[in-house]
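Novice: Hey, dropping work-v7.tsv in here, TSV, C-alpha atoms (C1' of nucleotides):
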chain	number	residue	atom	x	y	z
A	1	MET	CA	24.65	-18.70	1.87
A	2	THR	CA	21.29	-18.32	0.18
A	3	THR	CA	19.39	-19.95	-2.65
A	4	GLN	CA	20.60	-17.30	-5.07
A	5	SER	CA	20.56	-17.87	-8.83
A	6	HIS	CA	23.99	-16.41	-9.65
A	7	ILE	CA	22.41	-13.02	-10.08
A	8	LYS	CA	24.13	-9.81	-9.09
A	9	SER	CA	23.22	-8.66	-5.58
A	10	THR	CA	20.39	-6.16	-5.40
A	11	ALA	CA	22.79	-3.62	-3.90
A	12	ARG	CA	24.67	-3.74	-7.23
A	13	SER	CA	21.53	-3.61	-9.32
A	14	LEU	CA	21.44	-0.10	-10.72
A	15	PRO	CA	17.63	0.37	-10.64
A	16	ILE	CA	17.28	-1.05	-7.13
A	17	ALA	CA	20.27	0.89	-5.81
A	18	LEU	CA	18.88	4.10	-7.30
A	19	LEU	CA	15.50	3.43	-5.72
A	20	ARG	CA	16.94	2.68	-2.27
A	21	ALA	CA	19.21	5.69	-2.35
A	22	ARG	CA	16.26	7.83	-3.33
A	23	GLU	CA	14.17	6.51	-0.44
A	24	THR	CA	16.93	7.50	1.97
A	25	VAL	CA	17.13	11.01	0.55
A	26	MET	CA	13.37	11.47	0.26
A	27	SER	CA	12.52	10.44	3.80
A	28	PRO	CA	13.28	13.82	5.45
A	29	ILE	CA	12.04	15.70	2.38
A	30	ARG	CA	8.71	13.90	2.58
A	31	ASP	CA	8.42	15.02	6.21
A	32	MET	CA	9.04	18.59	5.14
A	33	LEU	CA	6.53	18.41	2.29
A	34	GLN	CA	3.88	16.82	4.48
A	35	SER	CA	4.17	19.72	6.89
A	36	ILE	CA	3.30	22.15	4.09
A	37	HIS	CA	0.66	19.88	2.49
A	38	LEU	CA	2.53	19.47	-0.77
A	39	THR	CA	2.96	16.19	-2.61
A	40	GLU	CA	6.32	15.13	-3.93
A	41	GLN	CA	5.00	15.52	-7.47
A	42	LYS	CA	3.77	19.09	-6.96
A	43	TRP	CA	7.08	19.99	-5.41
A	44	ARG	CA	8.90	18.70	-8.52
A	45	VAL	CA	6.55	20.70	-10.76
A	46	LEU	CA	7.30	23.88	-8.80
A	47	ARG	CA	11.03	23.21	-9.01
A	48	VAL	CA	10.89	22.66	-12.75
A	49	LEU	CA	8.76	25.75	-13.38
A	50	ASP	CA	11.00	27.88	-11.20
A	51	GLU	CA	13.98	26.67	-13.18
A	52	LEU	CA	12.62	26.84	-16.72
A	53	GLY	CA	10.15	29.72	-16.61
A	54	GLU	CA	7.10	29.43	-18.86
A	55	VAL	CA	6.90	26.00	-20.47
A	56	GLU	CA	4.28	23.74	-22.00
A	57	GLN	CA	2.81	20.83	-20.08
A	58	SER	CA	4.73	18.15	-21.99
A	59	THR	CA	7.98	19.74	-20.88
A	60	ILE	CA	6.85	19.62	-17.27
A	61	ALA	CA	5.99	15.95	-17.69
A	62	HIS	CA	9.40	15.17	-19.13
A	63	GLU	CA	11.44	17.22	-16.65
A	64	ALA	CA	9.49	16.17	-13.55
A	65	CYS	CA	9.25	12.49	-14.55
A	66	LEU	CA	5.46	12.49	-14.70
A	67	LEU	CA	3.01	11.26	-17.30
A	68	LEU	CA	0.94	13.83	-19.15
A	69	PRO	CA	-2.41	12.73	-17.68
A	70	SER	CA	-0.93	13.12	-14.20
A	71	VAL	CA	0.32	16.58	-15.14
A	72	THR	CA	-3.16	17.53	-16.34
A	73	ARG	CA	-4.69	16.58	-13.00
A	74	ILE	CA	-1.89	17.98	-10.85
A	75	LEU	CA	-1.86	21.34	-12.65
A	76	ARG	CA	-5.63	21.64	-12.32
A	77	THR	CA	-5.38	21.57	-8.53
A	78	MET	CA	-2.23	23.69	-8.48
A	79	GLU	CA	-3.97	26.33	-10.59
A	80	ALA	CA	-6.98	26.27	-8.24
A	81	GLU	CA	-4.59	26.73	-5.31
A	82	GLY	CA	-2.88	29.65	-7.05
A	83	GLN	CA	0.57	28.11	-7.32
A	84	ILE	CA	0.72	28.17	-11.13
A	85	SER	CA	-1.12	29.87	-13.98
A	86	ARG	CA	-1.95	28.59	-17.44
A	87	ARG	CA	-2.69	30.19	-20.79
A	88	ARG	CA	-3.40	28.89	-24.26
A	89	ASP	CA	-0.50	29.52	-26.64
A	90	SER	CA	-1.70	31.76	-29.46
A	91	ASP	CA	0.81	30.45	-32.03
A	92	ASP	CA	0.03	26.79	-31.45
A	93	LYS	CA	-3.40	26.41	-29.95
A	94	ARG	CA	-2.76	22.82	-28.89
A	95	ARG	CA	-0.22	24.03	-26.35
A	96	THR	CA	-0.93	25.23	-22.84
A	97	MET	CA	1.82	27.37	-21.40
A	98	VAL	CA	2.39	27.23	-17.67
A	99	THR	CA	4.14	29.62	-15.29
A	100	ILE	CA	4.82	29.56	-11.58
A	101	THR	CA	3.06	32.33	-9.63
A	102	ASN	CA	4.56	34.40	-6.84
A	103	ALA	CA	2.60	32.25	-4.40
A	104	GLY	CA	4.16	29.15	-5.91
A	105	ARG	CA	7.62	30.65	-5.77
A	106	SER	CA	7.03	31.59	-2.15
A	107	ILE	CA	6.50	27.94	-1.28
A	108	LEU	CA	9.98	27.20	-2.59
A	109	THR	CA	11.69	30.15	-0.91
A	110	ASP	CA	9.86	29.61	2.39
A	111	ASN	CA	11.27	26.10	2.52
A	112	LEU	CA	14.70	26.84	1.17
A	113	ALA	CA	16.32	26.73	4.60
A	114	ALA	CA	14.78	23.37	5.43
A	115	SER	CA	15.87	21.97	2.06
A	116	LEU	CA	19.39	23.21	2.53
A	117	ALA	CA	19.51	21.65	5.99
A	118	ILE	CA	18.56	18.26	4.56
A	119	THR	CA	21.18	18.49	1.82
A	120	GLY	CA	23.68	19.80	4.35
A	121	ASN	CA	23.16	16.77	6.56
A	122	ILE	CA	23.86	14.38	3.68
A	123	GLU	CA	26.85	16.44	2.59
A	124	ALA	CA	28.22	16.39	6.13
A	125	GLN	CA	28.11	12.61	6.20
A	126	MET	CA	29.27	11.85	2.67
A	127	GLY	CA	31.53	14.80	1.99
A	128	GLN	CA	30.99	17.48	-0.62
A	129	GLU	CA	33.40	15.96	-3.08
A	130	LYS	CA	31.66	12.59	-3.16
A	131	LEU	CA	28.26	14.22	-3.43
A	132	ASP	CA	29.40	16.28	-6.42
A	133	GLN	CA	30.91	13.19	-7.96
A	134	LEU	CA	27.62	11.32	-7.45
A	135	LEU	CA	25.62	14.12	-9.09
A	136	ASP	CA	28.06	14.18	-12.02
A	137	LEU	CA	27.67	10.43	-12.50
A	138	LEU	CA	23.88	10.65	-12.28
A	139	GLU	CA	23.81	13.38	-14.92
A	140	GLU	CA	25.97	11.22	-17.13
A	141	LEU	CA	23.71	8.21	-16.59
A	142	GLN	CA	20.65	10.27	-17.57
A	143	ALA	CA	22.30	11.04	-20.87
A	144	VAL	CA	22.82	7.37	-21.81
A	145	ARG	CA	20.87	6.16	-24.85
A	146	THR	CA	18.71	3.18	-23.91
B	147	MET	CA	17.76	33.74	-17.90
B	148	THR	CA	14.70	32.47	-16.08
B	149	THR	CA	12.58	33.53	-13.13
B	150	GLN	CA	14.54	31.26	-10.82
B	151	SER	CA	14.54	31.79	-7.05
B	152	HIS	CA	18.27	31.23	-6.39
B	153	ILE	CA	17.55	27.53	-5.94
B	154	LYS	CA	19.97	24.84	-7.07
B	155	SER	CA	19.19	23.50	-10.54
B	156	THR	CA	17.04	20.38	-10.62
B	157	ALA	CA	19.90	18.48	-12.26
B	158	ARG	CA	21.87	19.06	-9.04
B	159	SER	CA	18.93	18.18	-6.79
B	160	LEU	CA	19.75	14.74	-5.44
B	161	PRO	CA	16.18	13.37	-5.34
B	162	ILE	CA	15.34	14.66	-8.82
B	163	ALA	CA	18.64	13.50	-10.28
B	164	LEU	CA	18.11	10.03	-8.74
B	165	LEU	CA	14.60	9.88	-10.18
B	166	ARG	CA	15.67	10.94	-13.67
B	167	ALA	CA	18.59	8.56	-13.73
B	168	ARG	CA	16.28	5.77	-12.62
B	169	GLU	CA	13.82	6.55	-15.40
B	170	THR	CA	16.61	6.21	-17.94
B	171	VAL	CA	17.70	2.87	-16.55
B	172	MET	CA	14.19	1.51	-16.08
B	173	SER	CA	12.96	2.29	-19.59
B	174	PRO	CA	14.42	-0.83	-21.27
B	175	ILE	CA	13.82	-2.93	-18.14
B	176	ARG	CA	10.13	-1.99	-18.18
B	177	ASP	CA	9.97	-3.18	-21.80
B	178	MET	CA	11.50	-6.50	-20.77
B	179	LEU	CA	9.14	-6.89	-17.80
B	180	GLN	CA	6.10	-6.01	-19.87
B	181	SER	CA	6.96	-8.78	-22.30
B	182	ILE	CA	6.84	-11.33	-19.44
B	183	HIS	CA	3.81	-9.75	-17.73
B	184	LEU	CA	5.67	-8.88	-14.56
B	185	THR	CA	5.36	-5.56	-12.76
B	186	GLU	CA	8.43	-3.71	-11.59
B	187	GLN	CA	7.39	-4.37	-8.00
B	188	LYS	CA	7.04	-8.13	-8.44
B	189	TRP	CA	10.40	-8.21	-10.14
B	190	ARG	CA	11.98	-6.50	-7.12
B	191	VAL	CA	10.28	-8.98	-4.76
B	192	LEU	CA	11.71	-11.90	-6.74
B	193	ARG	CA	15.17	-10.34	-6.72
B	194	VAL	CA	15.06	-9.79	-2.96
B	195	LEU	CA	13.76	-13.30	-2.21
B	196	ASP	CA	16.35	-14.85	-4.50
B	197	GLU	CA	19.04	-12.94	-2.67
B	198	LEU	CA	17.92	-13.39	0.93
B	199	GLY	CA	16.21	-16.79	0.95
B	200	GLU	CA	13.29	-17.22	3.34
B	201	VAL	CA	12.33	-13.92	4.95
B	202	GLU	CA	9.33	-12.33	6.60
B	203	GLN	CA	7.11	-9.88	4.73
B	204	SER	CA	8.39	-6.80	6.56
B	205	THR	CA	11.87	-7.57	5.30
B	206	ILE	CA	10.60	-7.77	1.74
B	207	ALA	CA	8.88	-4.43	2.18
B	208	HIS	CA	12.07	-2.82	3.46
B	209	GLU	CA	14.42	-4.34	0.91
B	210	ALA	CA	12.16	-3.85	-2.10
B	211	CYS	CA	11.07	-0.32	-1.10
B	212	LEU	CA	7.40	-1.24	-0.80
B	213	LEU	CA	4.82	-0.61	1.90
B	214	LEU	CA	3.49	-3.57	3.84
B	215	PRO	CA	-0.08	-3.33	2.47
B	216	SER	CA	1.33	-3.40	-1.05
B	217	VAL	CA	3.43	-6.44	-0.13
B	218	THR	CA	0.32	-8.20	1.18
B	219	ARG	CA	-1.51	-7.69	-2.09
B	220	ILE	CA	1.46	-8.39	-4.34
B	221	LEU	CA	2.37	-11.63	-2.52
B	222	ARG	CA	-1.22	-12.83	-2.70
B	223	THR	CA	-1.15	-12.76	-6.48
B	224	MET	CA	2.41	-14.05	-6.66
B	225	GLU	CA	1.46	-17.00	-4.47
B	226	ALA	CA	-1.56	-17.71	-6.68
B	227	GLU	CA	0.74	-17.61	-9.72
B	228	GLY	CA	3.17	-20.01	-8.04
B	229	GLN	CA	6.16	-17.66	-7.93
B	230	ILE	CA	6.49	-17.65	-4.13
B	231	SER	CA	5.23	-19.68	-1.19
B	232	ARG	CA	4.27	-18.61	2.30
B	233	ARG	CA	4.10	-20.31	5.70
B	234	ARG	CA	3.21	-19.17	9.18
B	235	ASP	CA	6.29	-19.08	11.44
B	236	SER	CA	5.80	-21.52	14.31
B	237	ASP	CA	8.02	-19.64	16.78
B	238	ASP	CA	6.33	-16.28	16.25
B	239	LYS	CA	2.87	-16.79	14.86
B	240	ARG	CA	2.55	-13.16	13.81
B	241	ARG	CA	5.21	-13.69	11.17
B	242	THR	CA	4.65	-15.03	7.67
B	243	MET	CA	7.77	-16.46	6.11
B	244	VAL	CA	8.14	-16.22	2.35
B	245	THR	CA	10.31	-18.14	-0.12
B	246	ILE	CA	10.81	-17.97	-3.85
B	247	THR	CA	9.69	-21.12	-5.71
B	248	ASN	CA	11.52	-22.79	-8.57
B	249	ALA	CA	8.99	-21.22	-10.92
B	250	GLY	CA	9.81	-17.81	-9.46
B	251	ARG	CA	13.52	-18.42	-9.76
B	252	SER	CA	13.02	-19.51	-13.37
B	253	ILE	CA	11.58	-16.12	-14.21
B	254	LEU	CA	14.83	-14.55	-13.07
B	255	THR	CA	17.13	-17.01	-14.83
B	256	ASP	CA	15.08	-16.97	-18.04
B	257	ASN	CA	15.58	-13.23	-18.25
B	258	LEU	CA	19.15	-13.09	-17.06
B	259	ALA	CA	20.53	-12.65	-20.56
B	260	ALA	CA	18.17	-9.77	-21.32
B	261	SER	CA	19.05	-8.11	-18.01
B	262	LEU	CA	22.76	-8.45	-18.65
B	263	ALA	CA	22.32	-6.96	-22.11
B	264	ILE	CA	20.64	-3.89	-20.63
B	265	THR	CA	23.37	-3.44	-18.02
B	266	GLY	CA	25.98	-4.13	-20.68
B	267	ASN	CA	24.66	-1.34	-22.85
B	268	ILE	CA	24.89	1.16	-20.01
B	269	GLU	CA	28.34	-0.10	-19.08
B	270	ALA	CA	29.48	0.24	-22.68
B	271	GLN	CA	28.46	3.89	-22.73
B	272	MET	CA	29.59	4.94	-19.25
B	273	GLY	CA	32.51	2.61	-18.70
B	274	GLN	CA	32.76	-0.10	-16.07
B	275	GLU	CA	34.84	1.98	-13.73
B	276	LYS	CA	32.35	4.83	-13.55
B	277	LEU	CA	29.46	2.43	-13.13
B	278	ASP	CA	31.20	0.73	-10.20
B	279	GLN	CA	31.99	4.10	-8.71
B	280	LEU	CA	28.34	5.11	-9.05
B	281	LEU	CA	27.13	1.93	-7.34
B	282	ASP	CA	29.66	2.48	-4.53
B	283	LEU	CA	28.41	6.03	-4.00
B	284	LEU	CA	24.77	4.90	-4.07
B	285	GLU	CA	25.48	2.25	-1.43
B	286	GLU	CA	27.17	4.88	0.68
B	287	LEU	CA	24.25	7.25	0.28
B	288	GLN	CA	21.80	4.54	1.37
B	289	ALA	CA	23.75	4.20	4.59
B	290	VAL	CA	23.42	7.87	5.53
B	291	ARG	CA	21.37	8.61	8.65
B	292	THR	CA	18.54	11.00	7.81
C	293	DT	C1'	-4.05	23.17	-51.10
C	294	DG	C1'	-6.04	19.23	-49.22
C	295	DT	C1'	-5.66	14.94	-46.85
C	296	DG	C1'	-3.22	11.60	-43.79
C	297	DA	C1'	-0.06	11.52	-40.03
C	298	DA	C1'	1.70	13.54	-35.89
C	299	DT	C1'	1.28	16.22	-31.62
C	300	DA	C1'	-0.74	18.41	-27.16
C	301	DA	C1'	-3.84	17.80	-24.01
C	302	DT	C1'	-7.79	15.66	-21.85
C	303	DA	C1'	-11.17	12.06	-20.23
C	304	DA	C1'	-12.40	7.69	-18.61
C	305	DA	C1'	-11.43	3.10	-16.93
C	306	DC	C1'	-8.40	0.67	-14.47
C	307	DA	C1'	-4.31	-0.64	-11.60
C	308	DT	C1'	-1.47	0.51	-8.01
C	309	DG	C1'	0.09	2.86	-3.95
C	310	DT	C1'	-1.05	5.07	0.58
C	311	DT	C1'	-3.22	5.98	4.99
C	312	DA	C1'	-5.87	4.67	8.91
C	313	DA	C1'	-8.11	1.42	11.46
C	314	DC	C1'	-8.13	-3.18	12.99
C	315	DT	C1'	-6.82	-8.16	14.51
C	316	DA	C1'	-3.80	-11.32	16.51
C	317	DA	C1'	0.27	-12.40	18.73
C	318	DA	C1'	4.29	-11.35	21.47
C	319	DT	C1'	6.77	-8.59	24.80
C	320	DA	C1'	7.62	-5.39	28.80
C	321	DC	C1'	7.27	-4.86	33.34
C	322	DG	C1'	4.26	-3.38	37.52
D	323	DC	C1'	0.72	-13.34	36.69
D	324	DG	C1'	-1.79	-9.83	34.03
D	325	DT	C1'	-2.39	-5.70	31.81
D	326	DA	C1'	-0.37	-2.08	28.63
D	327	DT	C1'	2.48	-1.62	24.77
D	328	DT	C1'	4.59	-3.06	20.70
D	329	DT	C1'	4.87	-5.70	16.46
D	330	DA	C1'	3.32	-8.32	12.02
D	331	DG	C1'	0.11	-8.47	9.01
D	332	DT	C1'	-4.45	-7.51	6.89
D	333	DT	C1'	-8.48	-4.83	5.36
D	334	DA	C1'	-10.92	-1.01	3.54
D	335	DA	C1'	-11.26	3.69	1.91
D	336	DC	C1'	-8.98	6.76	-0.60
D	337	DA	C1'	-5.43	9.05	-3.55
D	338	DT	C1'	-2.49	8.63	-7.20
D	339	DG	C1'	-0.55	6.78	-11.30
D	340	DT	C1'	-1.21	4.35	-15.83
D	341	DT	C1'	-3.25	2.94	-20.14
D	342	DT	C1'	-6.35	3.59	-23.89
D	343	DA	C1'	-9.26	6.28	-26.50
D	344	DT	C1'	-10.71	10.85	-28.00
D	345	DT	C1'	-10.58	15.79	-29.43
D	346	DA	C1'	-8.44	19.66	-31.38
D	347	DT	C1'	-4.82	21.46	-33.80
D	348	DT	C1'	-0.75	21.49	-36.62
D	349	DC	C1'	2.49	19.45	-39.79
D	350	DA	C1'	4.13	16.81	-43.92
D	351	DC	C1'	4.04	16.49	-48.53
D	352	DA	C1'	1.78	14.50	-52.74
Spit out the file's structure as structure tokens when you get a sec.

Specialist:
Amino acid sequence: MTTQSHIKSTARSLPIALLRARETVMSPIRDMLQSIHLTEQKWRVLRVLDELGEVEQSTIAHEACLLLPSVTRILRTMEAEGQISRRRDSDDKRRTMVTITNAGRSILTDNLAASLAITGNIEAQMGQEKLDQLLDLLEELQAVRT
Amino acid sequence: MTTQSHIKSTARSLPIALLRARETVMSPIRDMLQSIHLTEQKWRVLRVLDELGEVEQSTIAHEACLLLPSVTRILRTMEAEGQISRRRDSDDKRRTMVTITNAGRSILTDNLAASLAITGNIEAQMGQEKLDQLLDLLEELQAVRT
DNA sequence: TGTGAATAATAAACATGTTAACTAAATACG
DNA sequence: CGTATTTAGTTAACATGTTTATTATTCACA
């Protein structure tokens, strides 16, 4: 028995449970990313760009769960490193359109096997069905109006 | 069609899906915390201490998904603000034992109704059964060896 | 069509998180 | 015993994220 104030256990607190689960999943991924000198944030940007093609910076921010000022700084270094390219949109000159370069895409493909191994390990322990179910529920949760 | 490199969509990427789902859930909670001048991290520390009673700082770090240097800094200000108290363990003088104070516990109880309302809203949209299922799956995922 | 509001992005100041090095205490075990 | 290793916590330097203000451009609509 503890001194608890009749509050739901942290394991049943949705934000804490999501955070802890994410830490578990990210641990081996962080190891992989560290070995290729890529931050978690840059990796998400590459994933989003690979998926969506050419998009504006606000879209990257939204999809990769980053704030726009972070995106500005991150893209500046990613452009310098040749992983992405940027151009001013001619229709709306406020917009900067961003695309992944071949070099950027190579980073993803070069590490595809390692990524699949990490996912495979989790799938082997939880079972494919449960993992799919979890991803379905997470997608549904994302769609909730808050 | 996009330029995609045969990589699973980000919505089916476990770490990205967990992050996005967490952003959805945290949005109203962040509003609540901002109104009581509490950071997300301090809120997690209070939740963990309320749940576990007196624990050492490493335990807080592990349970609240924080690094030890962050815990050091966070606890220093929380002690100054009277939300927690610390004492040197007499058996093992390396350890610092931490407890939540009544003032700290009050912060949790004072905001219990608001927290329940946020959870209630999500539950109303997803259904209790699915939410329970999601929490079960998240607990299971946390237990995976990586 | 012109003027106020909204939007995209950036810059600067600040807060927070992270890494590496360090201190103090405890443990392992030769 | 006593010396090497491990552990708990802190500090300091650095990297990253966050907030607020600013600029440039476009949109809304009177």

Novice: I need the residue nearest chain A from this list: B:Asp177, B:Glu197, B:Asp235, B:Asp282. Use all atoms listed in the file for the distance.

Specialist: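 The answer is B:Glu197, which sits nearest to chain A.
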
Novice: Using only C-alpha atoms (C1' of nucleotides), I'd like every residue of chain B that has an atom within 10 Å of chain C; please write them out as a list of chain:residue names.

Specialist: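 Selected residues: B:Leu212, B:Leu213, B:Pro215, B:Ser216, B:Asp238, B:Lys239, B:Arg240, B:Arg241.
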
Novice: As an exercise, work out the distance from CA of Gly250 in chain B to CA of Ile230 in chain B in Å and give it to one decimal place.

Specialist: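 Interatomic distance, CA of Gly250 in chain B to CA of Ile230 in chain B: 6.3 Å.
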
Novice: Write down, as an MDAnalysis selection string, each residue of chain D that has any atom within 12 Å of an atom of chain A, counting all atoms listed in the file.

Specialist: chainID D and resid 337:342 345:349

Novice: Quick check: residues of chain A within 7 Å of chain B, all atoms listed in the file, returned as a VMD selection string.

Specialist: chain A and resid 2 to 5 9 to 12 14 to 15 17 to 18 20 to 22 24 to 26 28 47 to 48 50 to 53 65 109 122 125 134 to 135 137 to 139 141 to 142 144 146

Novice: Work out how far apart CA of Arg86 in chain A and CA of Gln41 in chain A are and give it in Å to one decimal.

Specialist: 17.8 Å

Novice: Smallest atom-to-atom distance to Trp189 in chain B: which of B:Met243, B:Val201, B:Ile253, B:Ala226, using only C-alpha atoms?

Specialist: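 Answer, going by the shortest atom-to-atom distance: B:Ile253.
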
Novice: So how far away is CA of Gln57 in chain A from CA of Thr72 in chain A, in Å?

Specialist: 7.8 Å
